[in-house]
Structures are given as C-alpha cells and as structure tokens.
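Visitor: Input file: final_29.csv. Contents: CSV, C-alpha atoms and all ligand atoms.
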```
chain,number,residue,atom,x,y,z
A,283,MET,CA,78.8,3.4,44.7
A,284,ALA,CA,79.6,7.0,44.5
A,285,GLY,CA,80.7,8.7,47.6
A,286,ILE,CA,79.3,6.5,50.4
A,287,ASN,CA,81.6,6.0,53.3
A,288,CYS,CA,79.2,5.8,56.2
A,289,ILE,CA,75.8,4.1,56.4
A,290,GLY,CA,73.2,5.0,59.0
A,291,ILE,CA,70.6,2.6,60.3
A,292,LEU,CA,67.3,3.3,62.0
A,293,THR,CA,64.1,1.4,63.0
A,294,SER,CA,60.8,3.2,62.8
A,295,GLY,CA,57.1,2.7,63.5
A,296,GLY,CA,55.8,-0.4,65.2
A,297,ASP,CA,58.6,-2.7,66.3
A,298,ALA,CA,58.7,-6.2,64.9
A,299,PRO,CA,60.5,-9.4,65.9
A,300,GLY,CA,63.5,-9.7,63.6
A,301,MET,CA,64.4,-6.0,63.5
A,302,ASN,CA,67.5,-6.7,65.6
A,303,ALA,CA,68.6,-9.5,63.2
A,304,ALA,CA,68.2,-6.9,60.4
A,305,ILE,CA,70.2,-4.3,62.3
A,306,ARG,CA,73.0,-6.9,62.9
A,307,ALA,CA,73.0,-8.0,59.3
A,308,VAL,CA,73.2,-4.4,57.9
A,309,THR,CA,75.9,-3.5,60.4
A,310,ARG,CA,78.1,-6.6,59.8
A,311,SER,CA,77.7,-6.6,56.0
A,312,ALA,CA,78.5,-2.9,55.9
A,313,ILE,CA,81.6,-3.3,58.1
A,314,PHE,CA,82.6,-6.4,56.0
A,315,GLY,CA,82.4,-4.2,52.9
A,316,GLY,CA,84.7,-1.5,54.5
A,317,PHE,CA,82.0,1.0,55.5
A,318,LYS,CA,81.5,2.9,58.7
A,319,VAL,CA,78.1,2.3,60.4
A,320,LYS,CA,76.1,4.6,62.6
A,321,GLY,CA,73.0,3.5,64.6
A,322,ILE,CA,70.3,6.2,64.9
A,323,TYR,CA,68.1,5.9,68.0
A,324,ARG,CA,64.3,6.3,68.1
A,325,GLY,CA,63.7,6.3,64.4
A,326,TYR,CA,63.4,9.6,62.6
A,327,ARG,CA,63.2,11.4,65.9
A,328,GLY,CA,66.9,10.4,66.5
A,329,LEU,CA,67.8,12.0,63.2
A,330,ILE,CA,66.3,15.3,64.3
A,331,THR,CA,67.7,15.2,67.8
A,332,GLY,CA,71.1,13.7,66.9
A,333,GLU,CA,70.9,10.5,69.0
A,334,ILE,CA,73.5,8.6,67.0
A,335,GLN,CA,76.3,6.2,67.9
A,336,GLU,CA,78.9,4.6,65.8
A,337,PHE,CA,78.4,0.8,65.6
A,338,LYS,CA,81.2,-1.7,65.6
A,339,THR,CA,80.6,-5.4,65.1
A,340,GLN,CA,80.4,-5.9,68.9
A,341,ASN,CA,77.5,-3.5,69.2
A,342,VAL,CA,75.3,-6.0,67.4
A,343,SER,CA,76.5,-9.1,69.2
A,344,ASN,CA,74.0,-11.4,70.9
A,345,ILE,CA,71.0,-9.6,69.4
A,346,ILE,CA,69.8,-11.9,66.7
A,347,GLN,CA,67.5,-13.8,69.1
A,348,ALA,CA,66.1,-10.7,70.8
A,349,GLY,CA,62.7,-9.3,70.1
A,350,GLY,CA,62.1,-5.5,69.9
A,351,THR,CA,64.8,-3.2,68.5
A,352,ILE,CA,68.0,-2.2,70.3
A,353,LEU,CA,67.8,1.1,68.3
A,354,LYS,CA,64.3,1.8,69.9
A,355,THR,CA,61.6,3.1,67.7
A,356,ALA,CA,59.1,5.9,67.4
A,357,ARG,CA,56.4,7.3,65.2
A,358,CYS,CA,57.8,10.8,64.7
A,359,LYS,CA,55.3,13.6,63.8
A,360,GLU,CA,58.0,16.2,63.3
A,361,PHE,CA,59.5,14.3,60.5
A,362,GLN,CA,56.3,14.7,58.6
A,363,THR,CA,57.0,18.5,58.4
A,364,PRO,CA,59.5,20.1,55.9
A,365,GLU,CA,61.2,21.8,58.9
A,366,GLY,CA,61.7,18.4,60.7
A,367,ARG,CA,63.1,16.8,57.6
A,368,GLN,CA,65.5,19.8,57.1
A,369,LEU,CA,66.8,19.3,60.7
A,370,ALA,CA,67.2,15.6,60.0
A,371,TYR,CA,69.2,16.4,56.8
A,372,GLU,CA,71.5,18.7,58.8
A,373,THR,CA,72.2,16.0,61.3
A,374,LEU,CA,73.1,13.6,58.6
A,375,LYS,CA,75.5,16.1,57.1
A,376,LYS,CA,77.0,16.8,60.5
A,377,GLU,CA,77.4,13.1,61.3
A,378,GLU,CA,78.9,12.5,57.8
A,379,ILE,CA,76.3,9.8,57.1
A,380,ASP,CA,76.0,9.3,53.3
A,381,ALA,CA,73.2,6.7,53.0
A,382,LEU,CA,70.5,5.3,55.2
A,383,VAL,CA,68.9,1.9,55.8
A,384,VAL,CA,65.4,2.4,57.2
A,385,ILE,CA,63.7,-0.6,58.7
A,386,GLY,CA,60.0,-0.2,59.2
A,387,GLY,CA,56.5,-0.5,57.7
A,388,ASP,CA,54.3,1.5,55.4
A,389,GLY,CA,54.5,4.9,57.2
A,390,SER,CA,58.2,4.6,57.8
A,391,LEU,CA,58.9,3.9,54.1
A,392,THR,CA,56.6,6.7,53.1
A,393,GLY,CA,58.7,9.1,55.2
A,394,ALA,CA,61.9,7.6,53.6
A,395,ARG,CA,60.5,8.1,50.2
A,396,ILE,CA,59.7,11.8,50.8
A,397,PHE,CA,63.0,12.5,52.4
A,398,ALA,CA,65.0,10.7,49.7
A,399,THR,CA,63.3,12.7,47.0
A,400,GLU,CA,63.5,16.0,48.8
A,401,PHE,CA,67.2,15.8,49.5
A,402,ASN,CA,68.3,13.4,46.8
A,403,PHE,CA,69.6,11.2,49.6
A,404,PRO,CA,70.3,7.4,49.1
A,405,ILE,CA,67.9,5.3,51.2
A,406,VAL,CA,67.2,1.6,51.1
A,407,GLY,CA,64.3,0.3,53.0
A,408,LEU,CA,63.7,-3.1,54.7
A,409,PRO,CA,60.1,-4.2,55.3
A,410,GLY,CA,59.9,-4.5,59.1
A,411,THR,CA,56.3,-4.9,60.2
A,412,ILE,CA,54.1,-7.7,61.6
A,413,ASP,CA,51.3,-6.7,59.3
A,414,ASN,CA,52.8,-8.2,56.1
A,415,ASP,CA,51.2,-5.4,54.1
A,416,LEU,CA,54.0,-4.2,52.0
A,417,TYR,CA,53.7,-4.9,48.3
A,418,GLY,CA,56.5,-6.6,46.4
A,419,THR,CA,57.8,-9.0,49.1
A,420,ASP,CA,56.2,-12.4,50.0
A,421,LYS,CA,56.8,-11.7,53.7
A,422,THR,CA,57.8,-8.8,55.9
A,423,ILE,CA,60.2,-9.1,58.9
A,424,GLY,CA,58.1,-10.0,62.0
A,425,TYR,CA,55.1,-11.5,60.3
A,426,ASP,CA,56.1,-15.1,60.8
A,427,THR,CA,56.9,-14.7,64.5
A,428,ASP,CA,53.6,-12.9,65.0
A,429,ILE,CA,51.6,-15.6,63.3
A,430,ASN,CA,53.2,-18.2,65.5
A,431,THR,CA,52.4,-16.1,68.6
A,432,ILE,CA,48.8,-15.9,67.4
A,433,MET,CA,48.7,-19.6,66.9
A,434,GLU,CA,50.0,-20.4,70.4
A,435,CYS,CA,47.5,-18.0,72.0
A,436,VAL,CA,44.5,-19.3,70.0
A,437,ASP,CA,45.4,-22.9,70.7
A,438,LYS,CA,45.2,-22.0,74.4
A,439,ILE,CA,41.9,-20.2,74.0
A,440,ARG,CA,40.5,-23.2,72.2
A,441,ASP,CA,41.0,-25.3,75.3
A,442,THR,CA,38.7,-23.1,77.4
A,443,ALA,CA,36.3,-22.5,74.5
A,444,THR,CA,35.8,-26.2,74.1
A,445,SER,CA,35.4,-26.8,77.8
A,446,HIS,CA,32.7,-24.1,78.2
A,447,GLU,CA,31.2,-24.7,74.7
A,448,ARG,CA,31.6,-21.0,73.8
A,449,LEU,CA,32.0,-18.8,70.8
A,450,PHE,CA,35.1,-16.7,70.9
A,451,PHE,CA,35.9,-13.7,68.8
A,452,ILE,CA,39.7,-13.1,68.9
A,453,GLU,CA,41.0,-9.8,67.6
A,454,VAL,CA,44.4,-9.8,66.0
A,455,MET,CA,46.6,-6.9,64.7
A,456,GLY,CA,47.2,-6.1,61.0
A,457,ARG,CA,46.0,-2.5,60.8
A,458,ASP,CA,44.2,-2.5,57.4
A,459,ALA,CA,45.4,-5.9,56.3
A,460,GLY,CA,43.9,-9.3,56.9
A,461,PHE,CA,47.1,-11.5,56.5
A,462,LEU,CA,47.4,-12.2,60.2
A,463,ALA,CA,43.7,-13.0,60.7
A,464,LEU,CA,43.3,-15.2,57.7
A,465,ASN,CA,46.5,-17.2,58.0
A,466,GLY,CA,46.1,-17.3,61.8
A,467,ALA,CA,42.6,-18.8,61.2
A,468,ILE,CA,44.0,-21.5,58.9
A,469,ALA,CA,46.8,-22.3,61.3
A,470,THR,CA,44.5,-22.7,64.3
A,471,GLY,CA,41.5,-24.4,62.6
A,472,ALA,CA,39.3,-21.4,63.3
A,473,GLU,CA,35.8,-21.3,61.8
A,474,ALA,CA,36.2,-17.9,60.1
A,475,ALA,CA,38.4,-14.9,59.6
A,476,ILE,CA,36.8,-11.4,59.4
A,477,ILE,CA,39.2,-9.3,57.4
A,478,PRO,CA,39.0,-5.8,55.9
A,479,GLU,CA,39.5,-7.0,52.4
A,480,ILE,CA,36.3,-9.1,52.3
A,481,SER,CA,33.0,-8.0,53.6
A,482,THR,CA,31.2,-10.5,55.9
A,483,GLU,CA,27.7,-9.9,57.1
A,484,VAL,CA,26.7,-11.0,60.6
A,485,ASP,CA,24.1,-13.3,59.0
A,486,GLN,CA,26.6,-15.0,56.9
A,487,LEU,CA,28.9,-15.5,59.9
A,488,ALA,CA,26.0,-16.8,62.1
A,489,GLU,CA,25.0,-19.2,59.4
A,490,LEU,CA,28.5,-20.6,59.3
A,491,ILE,CA,28.7,-20.9,63.1
A,492,GLN,CA,25.2,-22.4,63.4
A,493,SER,CA,25.9,-25.0,60.8
A,494,GLY,CA,29.0,-25.9,62.7
A,495,PHE,CA,27.2,-26.2,66.0
A,496,ARG,CA,24.3,-28.2,64.3
A,497,LYS,CA,26.8,-30.7,63.1
A,498,SER,CA,29.2,-31.6,65.8
A,499,LYS,CA,31.0,-28.6,67.0
A,500,ASN,CA,30.6,-27.5,70.6
A,501,SER,CA,32.7,-24.4,70.3
A,502,SER,CA,33.8,-21.9,67.7
A,503,ILE,CA,36.6,-19.5,67.1
A,504,VAL,CA,36.5,-16.5,64.8
A,505,LEU,CA,39.6,-14.4,64.2
A,506,VAL,CA,38.9,-10.7,63.5
A,507,ALA,CA,41.4,-8.3,62.1
A,508,GLU,CA,41.5,-5.0,64.0
A,509,SER,CA,40.3,-2.4,61.5
A,510,PRO,CA,37.6,0.3,61.2
A,511,ILE,CA,36.2,-1.8,58.3
A,512,THR,CA,35.7,-5.0,60.3
A,513,GLY,CA,34.7,-2.9,63.4
A,514,GLY,CA,36.9,-5.1,65.6
A,515,ALA,CA,36.0,-8.1,67.7
A,516,MET,CA,34.1,-6.3,70.4
A,517,ALA,CA,31.6,-4.7,68.1
A,518,LEU,CA,31.1,-7.9,66.1
A,519,ALA,CA,30.6,-9.9,69.2
A,520,GLU,CA,28.0,-7.4,70.5
A,521,ARG,CA,26.0,-7.8,67.3
A,522,VAL,CA,26.1,-11.5,67.3
A,523,LYS,CA,25.1,-11.6,71.0
A,524,ASN,CA,22.1,-9.4,70.3
A,525,GLU,CA,20.9,-11.3,67.3
A,526,TYR,CA,21.8,-14.8,68.5
A,527,PRO,CA,21.4,-14.9,72.3
A,528,GLN,CA,21.7,-18.7,72.4
A,529,TYR,CA,25.5,-18.3,72.0
A,530,ASP,CA,27.8,-17.9,75.0
A,531,VAL,CA,30.1,-15.3,73.4
A,532,ARG,CA,33.5,-14.1,74.7
A,533,VAL,CA,36.1,-11.8,73.2
A,534,THR,CA,39.9,-11.8,73.5
A,535,ILE,CA,42.0,-9.0,72.1
A,536,LEU,CA,45.5,-10.2,71.7
A,537,GLY,CA,47.0,-6.7,71.3
A,538,HIS,CA,50.6,-5.9,71.7
A,539,LEU,CA,51.7,-9.3,73.0
A,540,GLN,CA,51.7,-10.0,69.2
A,541,ARG,CA,54.6,-7.7,68.7
A,542,GLY,CA,57.0,-9.2,71.2
A,543,GLY,CA,59.1,-12.3,71.5
A,544,SER,CA,62.2,-13.9,70.1
A,545,PRO,CA,62.0,-14.1,66.3
A,546,THR,CA,61.4,-17.4,64.6
A,547,ALA,CA,64.1,-19.0,62.4
A,548,VAL,CA,62.1,-17.8,59.4
A,549,ASP,CA,62.3,-14.2,60.6
A,550,ARG,CA,65.9,-14.3,61.6
A,551,ILE,CA,66.9,-15.7,58.2
A,552,LEU,CA,64.6,-13.3,56.3
A,553,ALA,CA,66.0,-10.3,58.2
A,554,SER,CA,69.6,-11.5,57.8
A,555,ARG,CA,69.3,-11.9,54.0
A,556,MET,CA,67.4,-8.6,53.6
A,557,GLY,CA,69.9,-6.7,55.8
A,558,ALA,CA,72.9,-8.0,53.7
A,559,ALA,CA,71.0,-7.3,50.5
A,560,ALA,CA,70.4,-3.7,51.6
A,561,VAL,CA,74.2,-3.1,51.7
A,562,ASP,CA,74.5,-4.8,48.3
A,563,ALA,CA,71.8,-2.5,46.9
A,564,LEU,CA,73.7,0.6,48.1
A,565,LEU,CA,76.9,-0.8,46.5
A,566,GLU,CA,75.0,-1.1,43.3
A,567,ASP,CA,73.9,2.5,43.5
A,568,GLN,CA,70.3,1.6,44.1
A,569,ARG,CA,68.3,4.1,46.0
A,570,ASN,CA,64.6,4.6,46.9
A,571,VAL,CA,64.0,0.9,46.9
A,572,MET,CA,62.7,-1.6,49.5
A,573,ILE,CA,64.4,-5.0,49.7
A,574,GLY,CA,61.9,-7.8,49.2
A,575,ILE,CA,62.1,-11.5,48.8
A,576,ARG,CA,59.9,-13.1,46.2
A,577,ASN,CA,60.0,-16.8,45.4
A,578,ASP,CA,63.1,-17.0,47.5
A,579,GLU,CA,64.9,-14.4,45.4
A,580,ILE,CA,66.0,-11.0,46.6
A,581,VAL,CA,64.2,-8.2,44.7
A,582,TYR,CA,64.5,-4.4,44.7
A,583,VAL,CA,61.0,-2.8,44.9
A,584,PRO,CA,60.7,0.9,44.2
A,585,PHE,CA,59.3,2.7,47.3
A,586,SER,CA,56.5,4.0,45.1
A,587,LYS,CA,55.3,0.5,44.4
A,588,ALA,CA,55.9,-1.0,47.8
A,589,ILE,CA,53.8,1.7,49.5
A,590,LYS,CA,51.2,2.6,47.0
A,591,ASN,CA,50.0,-0.8,45.9
A,592,ASP,CA,47.8,-2.8,48.2
A,593,LYS,CA,49.2,-6.3,48.7
A,594,PRO,CA,46.4,-8.6,47.6
A,595,ILE,CA,45.0,-11.4,49.7
A,596,ASN,CA,45.4,-14.8,48.1
A,597,ARG,CA,41.9,-16.0,47.3
A,598,GLU,CA,43.0,-19.6,47.5
A,599,LEU,CA,43.6,-19.1,51.3
A,600,LEU,CA,40.0,-17.9,51.7
A,601,ASN,CA,38.7,-20.9,49.9
A,602,THR,CA,40.9,-23.2,52.0
A,603,LEU,CA,39.6,-21.7,55.2
A,604,ARG,CA,36.0,-22.1,54.1
A,605,ARG,CA,36.4,-25.7,53.0
A,606,LEU,CA,38.2,-26.7,56.1
A,607,SER,CA,35.9,-25.1,58.6
A,608,ILE,CA,32.8,-27.1,57.8
B,1,LIG,O1,51.9,-1.7,62.2
B,1,LIG,C1,52.0,-2.5,63.2
B,1,LIG,C2,50.9,-2.5,64.2
B,1,LIG,O2,51.2,-3.4,65.3
B,1,LIG,C3,49.5,-2.6,63.7
B,1,LIG,O3,49.2,-4.0,63.5
B,1,LIG,C4,48.7,-1.9,64.7
B,1,LIG,O4,47.5,-1.4,64.2
B,1,LIG,C5,49.6,-0.8,65.2
B,1,LIG,O5,50.9,-1.2,64.8
B,1,LIG,C6,49.5,-0.5,66.6
B,1,LIG,O6,50.3,0.6,66.9
B,1,LIG,P1,50.7,1.2,68.3
B,1,LIG,O7,51.8,0.3,68.9
B,1,LIG,O8,51.2,2.6,68.1
B,1,LIG,O9,49.5,1.1,69.2
```
Written as structure tokens, how would this file's structure read?
Ligand code: F6P
Guide:
Amino acid sequence: MAGINCIGILTSGGDAPGMNAAIRAVTRSAIFGGFKVKGIYRGYRGLITGEIQEFKTQNVSNIIQAGGTILKTARCKEFQTPEGRQLAYETLKKEEIDALVVIGGDGSLTGARIFATEFNFPIVGLPGTIDNDLYGTDKTIGYDTDINTIMECVDKIRDTATSHERLFFIEVMGRDAGFLALNGAIATGAEAAIIPEISTEVDQLAELIQSGFRKSKNSSIVLVAESPITGGAMALAERVKNEYPQYDVRVTILGHLQRGGSPTAVDRILASRMGAAAVDALLEDQRNVMIGIRNDEIVYVPFSKAIKNDKPINRELLNTLRRLSI
C-alpha cells in the first residue's frame, strides 16, 4: 500500500442511517492497521474550507446506534468546478491525507471518481444512501432502516385508512429508483407501487383498486416513488380523484422522516463490514472502487460501474406484489 499513512473520511449528499457506523468502522480499522485518521466535516465542502480533525478511537465511541452523520454532510456545488477540486487537493496535501474514504450516494461517488482521476488520488467509496440505487451491491447503507421506517408509518396510516374506508397515496423517497416504494409496498401489504422503472396508467391503477373494493377491501394503499416520472403522489391522487370521484382519496408524503432514526441491525452490520473492507481495499492498493456486498461477499465495484449502470428492479418482486394484492 504505497505511501499511505493517513486516511481521510467524509460523508456527502443525503444522510443515511448507518453512516456513523461506517465512520466508526473505517476509523477503528484504520487505527487498528496503524494509520492516522482524519475526519472531514460537511462533505467535500470541508475539504475546500479545511474543516478537518484528527480522529482517535474515542472520537467514534457511542455512535454506532446514532442516525445522521457526526461528520455532517452537504451537497457541495463548488466541488463540481475544477477550481473547487484544486482547493480540495491543496487541503489534502496540507493536511497530509494520502487517501480518502467517501461515504455517500450516486452524486458523491461521481465527485469522488472525477477527483480521483484528475489528481491520481486513492479513493474508496462506501454506498451510503437510503435509495439503494447503486449498482454492484445488494444493499446500500441506510436502505434497510428506511424501509423499516416506511413500514411503521404505512402500518399506522392503514389503521385510519381502514376506519374511514379511504384510498391513500403515500409518497416515499428514492429519487429515480423504485426500491423503497416496491419493497415498502410488499412489506405493508399495499395494493400497488408506482415506480419510475415501470409505467402505470391511471386506468390500470383504478382497475386494480376497483377490483379490490368490489371484492372485500374497504380501503386501499398505494405507494408512490417521488420522481418526475411518476409525477409524485399529489399529482396521481388528483388524477384519480377527478376520474373516479367515488373514492375518498388522501395523500401522505413521508418526506425526510425517512432519513432519520437509529440504524437497524442490518444497516449497522452492513456499514461495519463495508467500513472495515474500505481499509482493506486501500491496503490492497485498490482505488476508484466502491465497496459492495453481493450474496454476502465483499466485492470491489469500479466507480464507473457503480455510478453508470442502473441497478435493475427485480421483476419477481413486481409479480409478487401483483399476486398478493388481489
Ligand atoms: O438521495 C437521498 C434522498 O433522500 C432522495 O431519496 C431524495 O430525493 C433526496 O435525497 C432529497 O434530498 P434533500 O435532502 O436535499 O431534499
């Protein structure tokens, strides 16, 4: 592992439960391996402004259970410019940081890839996003906690939906990916999931709901992935209301509550394994890779693949939802 003495860690983009567990795992594995560790605050912005602190093992005590990120996070526009990245590089030199572990989603790893190529700088990425939309890993850090949060919320909404015999459209996050909506729908016994990957016409949706009401159901729940493609829950509900005024329609947008909370055991273990693997990857002279876990095995996924390829939705899940919502 040529010339690496100090590893910098940052979290970037939307926070995700389990990021702290990942910070802890990188810090402790690196110190265990004899490296110095520096925490960089507020994502790439902290690299530009020099908000950096050396981390000892105690700096990451009692954080495995905490949601959010102790390093704070940001979406940094300046890092998207060559001038911003030059400043970031100068900070790294000044701080004597020889390699970076970047924890974040699609946008953050895209930034990492550009920077690593421009300055030939060793970077390993960890997939930290509730969206689960990074190719090459079965799950991203934060996804499991979020799907559990969605499940708890939808279960509660179902109580009132059933009492009032209403049709609810519940919008969940996911940016351009339908993993949260689809798996959330299966986990809550929802009637349908409207996701950007699959087009669903209002007529098809109404038919599904109508057939449910005709049989025995007195309420219905549809999960909608936020996305310009689905149009979001509000727009969909408006269309259904206009065309089918017999339904008593309500909308709930779960929003940012989905990003908070103590990470589940699944996310804590995932983040711990991935964090330790990031240090191993640097020891093995890997660079420009994202750590993934596929079929329970650690894998190194080149940034180019993780970012560029769309992670496909498993069709079997769609069929399962359809079959179980009759
Ligand atoms: O990428 C994570 C995510 O929560 C997306 O699901 C969502 O579209 C976006 O971030 C929201 O971003 P912000 O917190 O900047 O509003």
Visitor: One decimal, in Å: what's the spacing between CA of Thr470 in chain A and atom C1 of ligand LIG 1 (chain B)?
Guide: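 The value is 21.6 Å.
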Visitor: Select, from A:Arg324, A:His538, A:Lys593, A:Lys587, the residue with the minimum atom-to-atom distance to Ala459 in chain A, counting only C-alpha atoms.
Guide: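 The shortest atom-to-atom distance to Ala459 in chain A comes from A:Lys593.
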Visitor: Ligand LIG 1 (chain B): which residues are within 8 Å, counting all atoms listed in the file? Reply as a list in words.
Guide: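 Using all atoms listed in the file, everything at most 8 Å from ligand LIG 1 (chain B) comes to Gly295, Gly296, Asp297, Ala298, Arg357, Gly387, Asp388, Thr411, Ile412, Asp413, Val454, Met455, Gly456, Arg457, Asp458, Glu508, Ser509, His538, Gln540 and Arg541 of chain A.
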Visitor: Of the candidates A:Arg604, A:Lys375, A:Lys354, A:Arg310, which one gets nearest to Ile491 in chain A if we count all atoms listed in the file?
Guide: A:Arg604
Visitor: Write out as a ChimeraX atom specification which residues come within 7 Å of Leu449 in chain A when counting all atoms listed in the file, dropping same-chain ones fewer than 2 positions away.
Guide: /A:443,451,501-503,529-532
Visitor: How about saving the chosen residues, C-alpha atoms kept, as an mmCIF file, keeping the file's coordinate frame?
Guide:
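Once everything was written out, this is result.cif:
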```cif
data_model
loop_
_atom_site.group_PDB
_atom_site.id
_atom_site.type_symbol
_atom_site.label_atom_id
_atom_site.label_comp_id
_atom_site.auth_asym_id
_atom_site.auth_seq_id
_atom_site.Cartn_x
_atom_site.Cartn_y
_atom_site.Cartn_z
ATOM 1 C CA ALA A 443 36.300 -22.500 74.500
ATOM 2 C CA PHE A 451 35.900 -13.700 68.800
ATOM 3 C CA SER A 501 32.700 -24.400 70.300
ATOM 4 C CA SER A 502 33.800 -21.900 67.700
ATOM 5 C CA ILE A 503 36.600 -19.500 67.100
ATOM 6 C CA TYR A 529 25.500 -18.300 72.000
ATOM 7 C CA ASP A 530 27.800 -17.900 75.000
ATOM 8 C CA VAL A 531 30.100 -15.300 73.400
ATOM 9 C CA ARG A 532 33.500 -14.100 74.700
#
```
Visitor: Distance cut-off 7 Å, centre (56.6, 5.1, 50.0) in file coordinates, counting all atoms listed in the file: which residues qualify? Return them as an NGL selection string.
Guide: :A and (388 or 391-395 or 585-586 or 588-590)
Visitor: Can you spit out the residues from that selection as a PDB file, in the coordinates of the input, using C-alpha atoms?
Guide:
```
ATOM      1  CA  ASP A 388      54.300   1.500  55.400  1.00  0.00           C
ATOM      2  CA  LEU A 391      58.900   3.900  54.100  1.00  0.00           C
ATOM      3  CA  THR A 392      56.600   6.700  53.100  1.00  0.00           C
ATOM      4  CA  GLY A 393      58.700   9.100  55.200  1.00  0.00           C
ATOM      5  CA  ALA A 394      61.900   7.600  53.600  1.00  0.00           C
ATOM      6  CA  ARG A 395      60.500   8.100  50.200  1.00  0.00           C
ATOM      7  CA  PHE A 585      59.300   2.700  47.300  1.00  0.00           C
ATOM      8  CA  SER A 586      56.500   4.000  45.100  1.00  0.00           C
ATOM      9  CA  ALA A 588      55.900  -1.000  47.800  1.00  0.00           C
ATOM     10  CA  ILE A 589      53.800   1.700  49.500  1.00  0.00           C
ATOM     11  CA  LYS A 590      51.200   2.600  47.000  1.00  0.00           C
TER      12      LYS A 590
END
```
Visitor: Output range 367-383 of chain A with N, CA, C and O atoms present, as a PDB file, in the coordinates of the input.
Guide:
```pdb
ATOM      1  N   ARG A 367      62.246  17.564  58.571  1.00  0.00           N
ATOM      2  CA  ARG A 367      63.100  16.800  57.600  1.00  0.00           C
ATOM      3  C   ARG A 367      64.393  17.631  57.353  1.00  0.00           C
ATOM      4  O   ARG A 367      65.465  17.051  57.190  1.00  0.00           O
ATOM      5  N   GLN A 368      64.287  18.962  57.334  1.00  0.00           N
ATOM      6  CA  GLN A 368      65.500  19.800  57.100  1.00  0.00           C
ATOM      7  C   GLN A 368      66.468  19.569  58.288  1.00  0.00           C
ATOM      8  O   GLN A 368      67.671  19.393  58.068  1.00  0.00           O
ATOM      9  N   LEU A 369      65.920  19.528  59.522  1.00  0.00           N
ATOM     10  CA  LEU A 369      66.800  19.300  60.700  1.00  0.00           C
ATOM     11  C   LEU A 369      67.462  17.925  60.574  1.00  0.00           C
ATOM     12  O   LEU A 369      68.644  17.756  60.876  1.00  0.00           O
ATOM     13  N   ALA A 370      66.677  16.933  60.124  1.00  0.00           N
ATOM     14  CA  ALA A 370      67.200  15.600  60.000  1.00  0.00           C
ATOM     15  C   ALA A 370      68.354  15.574  58.957  1.00  0.00           C
ATOM     16  O   ALA A 370      69.404  14.951  59.172  1.00  0.00           O
ATOM     17  N   TYR A 371      68.178  16.306  57.883  1.00  0.00           N
ATOM     18  CA  TYR A 371      69.200  16.400  56.800  1.00  0.00           C
ATOM     19  C   TYR A 371      70.489  17.007  57.397  1.00  0.00           C
ATOM     20  O   TYR A 371      71.600  16.528  57.146  1.00  0.00           O
ATOM     21  N   GLU A 372      70.281  18.051  58.191  1.00  0.00           N
ATOM     22  CA  GLU A 372      71.500  18.700  58.800  1.00  0.00           C
ATOM     23  C   GLU A 372      72.227  17.768  59.696  1.00  0.00           C
ATOM     24  O   GLU A 372      73.452  17.753  59.714  1.00  0.00           O
ATOM     25  N   THR A 373      71.480  16.966  60.459  1.00  0.00           N
ATOM     26  CA  THR A 373      72.200  16.000  61.300  1.00  0.00           C
ATOM     27  C   THR A 373      72.965  15.003  60.499  1.00  0.00           C
ATOM     28  O   THR A 373      74.101  14.664  60.834  1.00  0.00           O
ATOM     29  N   LEU A 374      72.383  14.538  59.406  1.00  0.00           N
ATOM     30  CA  LEU A 374      73.100  13.600  58.600  1.00  0.00           C
ATOM     31  C   LEU A 374      74.398  14.155  58.033  1.00  0.00           C
ATOM     32  O   LEU A 374      75.430  13.479  58.014  1.00  0.00           O
ATOM     33  N   LYS A 375      74.325  15.418  57.625  1.00  0.00           N
ATOM     34  CA  LYS A 375      75.500  16.100  57.100  1.00  0.00           C
ATOM     35  C   LYS A 375      76.582  16.179  58.225  1.00  0.00           C
ATOM     36  O   LYS A 375      77.743  15.850  58.040  1.00  0.00           O
ATOM     37  N   LYS A 376      76.106  16.627  59.399  1.00  0.00           N
ATOM     38  CA  LYS A 376      77.000  16.800  60.500  1.00  0.00           C
ATOM     39  C   LYS A 376      77.695  15.480  60.924  1.00  0.00           C
ATOM     40  O   LYS A 376      78.879  15.445  61.224  1.00  0.00           O
ATOM     41  N   GLU A 377      76.919  14.418  60.892  1.00  0.00           N
ATOM     42  CA  GLU A 377      77.400  13.100  61.300  1.00  0.00           C
ATOM     43  C   GLU A 377      78.181  12.404  60.150  1.00  0.00           C
ATOM     44  O   GLU A 377      78.642  11.275  60.315  1.00  0.00           O
ATOM     45  N   GLU A 378      78.207  13.059  59.010  1.00  0.00           N
ATOM     46  CA  GLU A 378      78.900  12.500  57.800  1.00  0.00           C
ATOM     47  C   GLU A 378      78.286  11.116  57.439  1.00  0.00           C
ATOM     48  O   GLU A 378      79.012  10.175  57.127  1.00  0.00           O
ATOM     49  N   ILE A 379      76.955  11.020  57.546  1.00  0.00           N
ATOM     50  CA  ILE A 379      76.300   9.800  57.100  1.00  0.00           C
ATOM     51  C   ILE A 379      75.859  10.011  55.643  1.00  0.00           C
ATOM     52  O   ILE A 379      75.218  11.011  55.316  1.00  0.00           O
ATOM     53  N   ASP A 380      76.259   9.086  54.770  1.00  0.00           N
ATOM     54  CA  ASP A 380      76.000   9.300  53.300  1.00  0.00           C
ATOM     55  C   ASP A 380      74.867   8.519  52.778  1.00  0.00           C
ATOM     56  O   ASP A 380      74.462   8.724  51.621  1.00  0.00           O
ATOM     57  N   ALA A 381      74.368   7.544  53.533  1.00  0.00           N
ATOM     58  CA  ALA A 381      73.200   6.700  53.000  1.00  0.00           C
ATOM     59  C   ALA A 381      72.524   6.176  54.261  1.00  0.00           C
ATOM     60  O   ALA A 381      73.114   6.048  55.338  1.00  0.00           O
ATOM     61  N   LEU A 382      71.252   5.840  54.086  1.00  0.00           N
ATOM     62  CA  LEU A 382      70.500   5.300  55.200  1.00  0.00           C
ATOM     63  C   LEU A 382      69.823   3.996  54.865  1.00  0.00           C
ATOM     64  O   LEU A 382      69.385   3.781  53.720  1.00  0.00           O
ATOM     65  N   VAL A 383      69.736   3.123  55.874  1.00  0.00           N
ATOM     66  CA  VAL A 383      68.900   1.900  55.800  1.00  0.00           C
ATOM     67  C   VAL A 383      67.772   2.127  56.778  1.00  0.00           C
ATOM     68  O   VAL A 383      68.036   2.260  57.981  1.00  0.00           O
TER      69      VAL A 383
END
```
